[in-house]
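Enquirer: Sharing a structure with you now.
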Amino acid sequence: MIIKILPIKSKGQLGVVIPYIAKDKGKIEDYKASHSLFHNLLQTDLENIQRQFESNFDDYARKRIGRNIGQHCILSLSPKDKDVASPEAMQLIAQAFIDRAYPNALAFAVVHDADNPHVHVIASSNELMSAKSTRLDKAELKAVHMDMLVHLKSLFPELKSSIDISRYGDKLGQSEAEYYLKKRNPELTLSKDELKEKVEDIFRLSSSSNDFFKNIEAEGFRTYSRGGETFGVYMDDRRMRFSRLGVSKQDLEELDRQNELMNERMNEIEHLLNTKGDFERGFGMEKF
């Protein structure tokens with residue numbers, strides 16, 4: 001799963017993002033009849049959605065220096081899971097993400113693009129009727145990401161994966177020396193089938209091929225390369241190509257294409273937000 005997050009710094013920017021995700025550049029005629037979510041929102045028309053975000057910010061968090069008014073998140077599934085990435089599935093995944101990442105925030109979400117479904121989520125920077133920040137640090141975002149993978153498997157059993165990687169590496173009653181040996185050399189603890197499931201899980205958590213390789217090494221696996229290209233991992237003293245472990249070169253290329261598409265959307269949104277910021281500064285409008 002790829003998760004991208006961009007801050008919404010002002011009310012003016014909020015006024016750009018809300019119609020952007022509701023209309024998808026004119027592709028969505030009626031966002032209420034589409035695959036949308038209204039989390040902790042009492043009214044669902046765009047003007048009142050924005051008003052609720054602004055009021056919640058003004059009444060409880062405005063005095064906090066440097067506080068953004070919200071965050072814009074984009075979610076898309078791994079290419080390994082493209083067969084389940086229907087708009088209906090993405091709506092379920094968006095709700096699960098909000099429930100885990102922003103349960104007490106205001107949130108508005110819409111699924112975009114029937115050919116390549118992904119979800120845009122706007123979440124308030126502070127919890128409902130509270131000054132408490134909803135910002136996720138790197139560790140919290142990783143925990144949400146991993147929890148989403150486990151939840152994804154429960155929603156879609158056809159993914160046929162059983163290892164809960166959030167628990168992988170627990171001592172499980174081992175001696176400390178044995179635990180750290182296996183932590184450094186996880187291939188010693190896994191059968192080929194378990195290794196395959198583990199590698200596929202890491203792939204599902206990665207946003208690009210480089211991210212995948214970094215995550216593989218971060219989990220303690222020894223990788224091997226040919227001609228500067230990472231080909232696979234060691235299992236005991238044997239080399240196991242990623243293609244034998246369920247992650248083909250085509251999968252990695254598709255992941256990079258998907259990540260590039262997500263980055264293009266983020267750059268487009270950032271350009272819109274920066275243009276709005278330039279407009280506000282040029283006319284001396286108040287920034288929050």
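So you can find residues: chains in the structure tokens are A, B, ... in the order shown, residues in each start at 1, and ligands are numbered from 1 in order.
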Any idea what's packed within 10 Å of Lys32 in chain A, counting only C-alpha atoms, ignoring anything in its chain fewer than 5 positions away? Could you give it as an mmCIF file with C-alpha atoms, in the first residue's frame?
Expert:
```cif
data_model
loop_
_atom_site.group_PDB
_atom_site.id
_atom_site.type_symbol
_atom_site.label_atom_id
_atom_site.label_comp_id
_atom_site.auth_asym_id
_atom_site.auth_seq_id
_atom_site.Cartn_x
_atom_site.Cartn_y
_atom_site.Cartn_z
ATOM 1 C CA ALA A 22 -15.111 15.884 -4.515
ATOM 2 C CA LEU A 37 -17.019 8.977 3.418
ATOM 3 C CA PHE A 38 -18.042 11.648 5.932
ATOM 4 C CA THR A 44 -22.163 16.741 3.722
ATOM 5 C CA ASP A 45 -22.403 19.622 1.250
ATOM 6 C CA VAL A 110 -13.614 10.180 -1.995
#
```
Enquirer: At a cut-off of 6 Å, using only C-alpha atoms, what residues contact range 74-85 of chain A? Leave out same-chain residues fewer than 3 positions from it and give the result as a VMD selection string.
Expert: chain A and resid 1 to 4 89 118 to 120 204
Enquirer: Tell me which protein, DNA and RNA residues are within 12 Å of Glu229 in chain A, counting only C-alpha atoms, leaving out same-chain ones fewer than 5 positions away, and put them as a list in words.
Expert: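 What passes the distance filter is Ser209, Asn210, Phe213, Thr223, Tyr224, Arg241, Phe242 and Lys249 of chain A.
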Enquirer: Kindly assemble as a tab-separated table a list of the range 42-130 of chain A residues that lie within 12 Å of range 136-139 of chain A, each paired with its nearest atom pair and their distance in Å to one decimal, using only C-alpha atoms, sorted first by chain and then by ascending residue number.
Expert:
```
residue	atom	partner	partner_atom	distance
A:Gly70	CA	A:Leu136	CA	11.8
A:Gln71	CA	A:Leu136	CA	10.3
A:Cys73	CA	A:Leu136	CA	11.7
A:Arg100	CA	A:Leu136	CA	11.0
A:Ala101	CA	A:Leu136	CA	7.7
A:Tyr102	CA	A:Leu136	CA	9.1
A:Ala123	CA	A:Leu136	CA	11.4
A:Ser125	CA	A:Leu136	CA	10.0
A:Asn126	CA	A:Leu136	CA	11.4
```
Enquirer: List every residue of range 35-204 of chain A that DSSP, applied to the backbone of this structure, assigns to strand (DSSP E), and report them as an NGL selection string.
Expert: :A and (36-39 or 70-76 or 107-112 or 118-124)
Enquirer: I need the residues from that last selection saved to file as a tab-separated table (two decimals), in the first residue's frame (with N, CA, C and O atoms), if you can.
Expert:
```tsv
chain	number	residue	atom	x	y	z
A	36	SER	N	-17.95	7.84	-1.24
A	36	SER	CA	-17.44	8.89	-0.35
A	36	SER	C	-17.67	8.53	1.11
A	36	SER	O	-18.50	7.68	1.44
A	37	LEU	N	-16.91	9.19	1.97
A	37	LEU	CA	-17.02	8.98	3.42
A	37	LEU	C	-17.07	10.33	4.12
A	37	LEU	O	-16.37	11.27	3.73
A	38	PHE	N	-17.89	10.41	5.16
A	38	PHE	CA	-18.04	11.65	5.93
A	38	PHE	C	-17.88	11.26	7.41
A	38	PHE	O	-18.83	10.85	8.06
A	39	HIS	N	-16.67	11.39	7.91
A	39	HIS	CA	-16.33	10.89	9.25
A	39	HIS	C	-16.42	12.03	10.26
A	39	HIS	O	-15.68	13.02	10.16
A	70	GLY	N	-5.12	21.02	8.33
A	70	GLY	CA	-5.45	19.63	8.03
A	70	GLY	C	-4.35	18.94	7.27
A	70	GLY	O	-3.25	19.48	7.07
A	71	GLN	N	-4.62	17.71	6.85
A	71	GLN	CA	-3.70	16.97	6.01
A	71	GLN	C	-4.48	16.24	4.91
A	71	GLN	O	-5.61	15.82	5.12
A	72	HIS	N	-3.85	16.16	3.76
A	72	HIS	CA	-4.44	15.50	2.60
A	72	HIS	C	-3.67	14.20	2.36
A	72	HIS	O	-2.46	14.23	2.13
A	73	CYS	N	-4.36	13.08	2.45
A	73	CYS	CA	-3.73	11.77	2.28
A	73	CYS	C	-4.25	11.11	1.00
A	73	CYS	O	-5.41	11.25	0.66
A	74	ILE	N	-3.36	10.40	0.32
A	74	ILE	CA	-3.76	9.59	-0.83
A	74	ILE	C	-3.34	8.15	-0.56
A	74	ILE	O	-2.20	7.89	-0.16
A	75	LEU	N	-4.26	7.21	-0.75
A	75	LEU	CA	-4.01	5.80	-0.52
A	75	LEU	C	-4.19	5.02	-1.81
A	75	LEU	O	-5.16	5.24	-2.54
A	76	SER	N	-3.29	4.11	-2.09
A	76	SER	CA	-3.48	3.18	-3.20
A	76	SER	C	-2.91	1.83	-2.79
A	76	SER	O	-2.01	1.75	-1.96
A	107	ALA	N	-13.07	13.96	8.95
A	107	ALA	CA	-12.45	13.44	7.74
A	107	ALA	C	-13.48	13.35	6.61
A	107	ALA	O	-14.64	13.02	6.83
A	108	PHE	N	-13.00	13.65	5.42
A	108	PHE	CA	-13.81	13.58	4.20
A	108	PHE	C	-12.99	12.82	3.18
A	108	PHE	O	-11.81	13.14	2.94
A	109	ALA	N	-13.56	11.78	2.58
A	109	ALA	CA	-12.81	10.93	1.65
A	109	ALA	C	-13.64	10.62	0.41
A	109	ALA	O	-14.86	10.45	0.50
A	110	VAL	N	-12.96	10.53	-0.73
A	110	VAL	CA	-13.61	10.18	-2.00
A	110	VAL	C	-12.68	9.27	-2.78
A	110	VAL	O	-11.47	9.52	-2.86
A	111	VAL	N	-13.26	8.22	-3.38
A	111	VAL	CA	-12.49	7.32	-4.25
A	111	VAL	C	-12.41	7.94	-5.65
A	111	VAL	O	-13.41	8.42	-6.19
A	112	HIS	N	-11.22	7.92	-6.24
A	112	HIS	CA	-11.01	8.46	-7.58
A	112	HIS	C	-10.62	7.36	-8.56
A	112	HIS	O	-10.05	6.34	-8.16
A	118	HIS	N	-7.92	4.82	-6.30
A	118	HIS	CA	-7.17	5.29	-5.15
A	118	HIS	C	-8.10	6.21	-4.36
A	118	HIS	O	-9.18	6.57	-4.84
A	119	VAL	N	-7.71	6.56	-3.16
A	119	VAL	CA	-8.59	7.34	-2.28
A	119	VAL	C	-7.89	8.61	-1.83
A	119	VAL	O	-6.72	8.59	-1.44
A	120	HIS	N	-8.64	9.71	-1.87
A	120	HIS	CA	-8.18	10.97	-1.28
A	120	HIS	C	-8.90	11.15	0.06
A	120	HIS	O	-10.13	11.01	0.14
A	121	VAL	N	-8.14	11.47	1.08
A	121	VAL	CA	-8.70	11.69	2.42
A	121	VAL	C	-8.21	13.04	2.94
A	121	VAL	O	-7.01	13.33	2.91
A	122	ILE	N	-9.15	13.86	3.41
A	122	ILE	CA	-8.80	15.08	4.13
A	122	ILE	C	-9.13	14.85	5.60
A	122	ILE	O	-10.25	14.47	5.93
A	123	ALA	N	-8.15	15.05	6.46
A	123	ALA	CA	-8.37	14.90	7.90
A	123	ALA	C	-8.00	16.20	8.61
A	123	ALA	O	-7.05	16.88	8.22
A	124	SER	N	-8.76	16.55	9.62
A	124	SER	CA	-8.49	17.78	10.37
A	124	SER	C	-7.20	17.65	11.16
A	124	SER	O	-6.81	16.55	11.56
```
Enquirer: Between A:His35, A:Lys196, A:Lys214, A:His145, which one has atoms that come closest to Met90 in chain A, using only C-alpha atoms?
Expert: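 Answer, going by the shortest atom-to-atom distance: A:His35.
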Enquirer: Within 8 Å of Glu200 in chain A, counting only C-alpha atoms, which residues qualify if same-chain residues fewer than 5 places away don't, as number ranges by chain?
Expert: A: 245-247
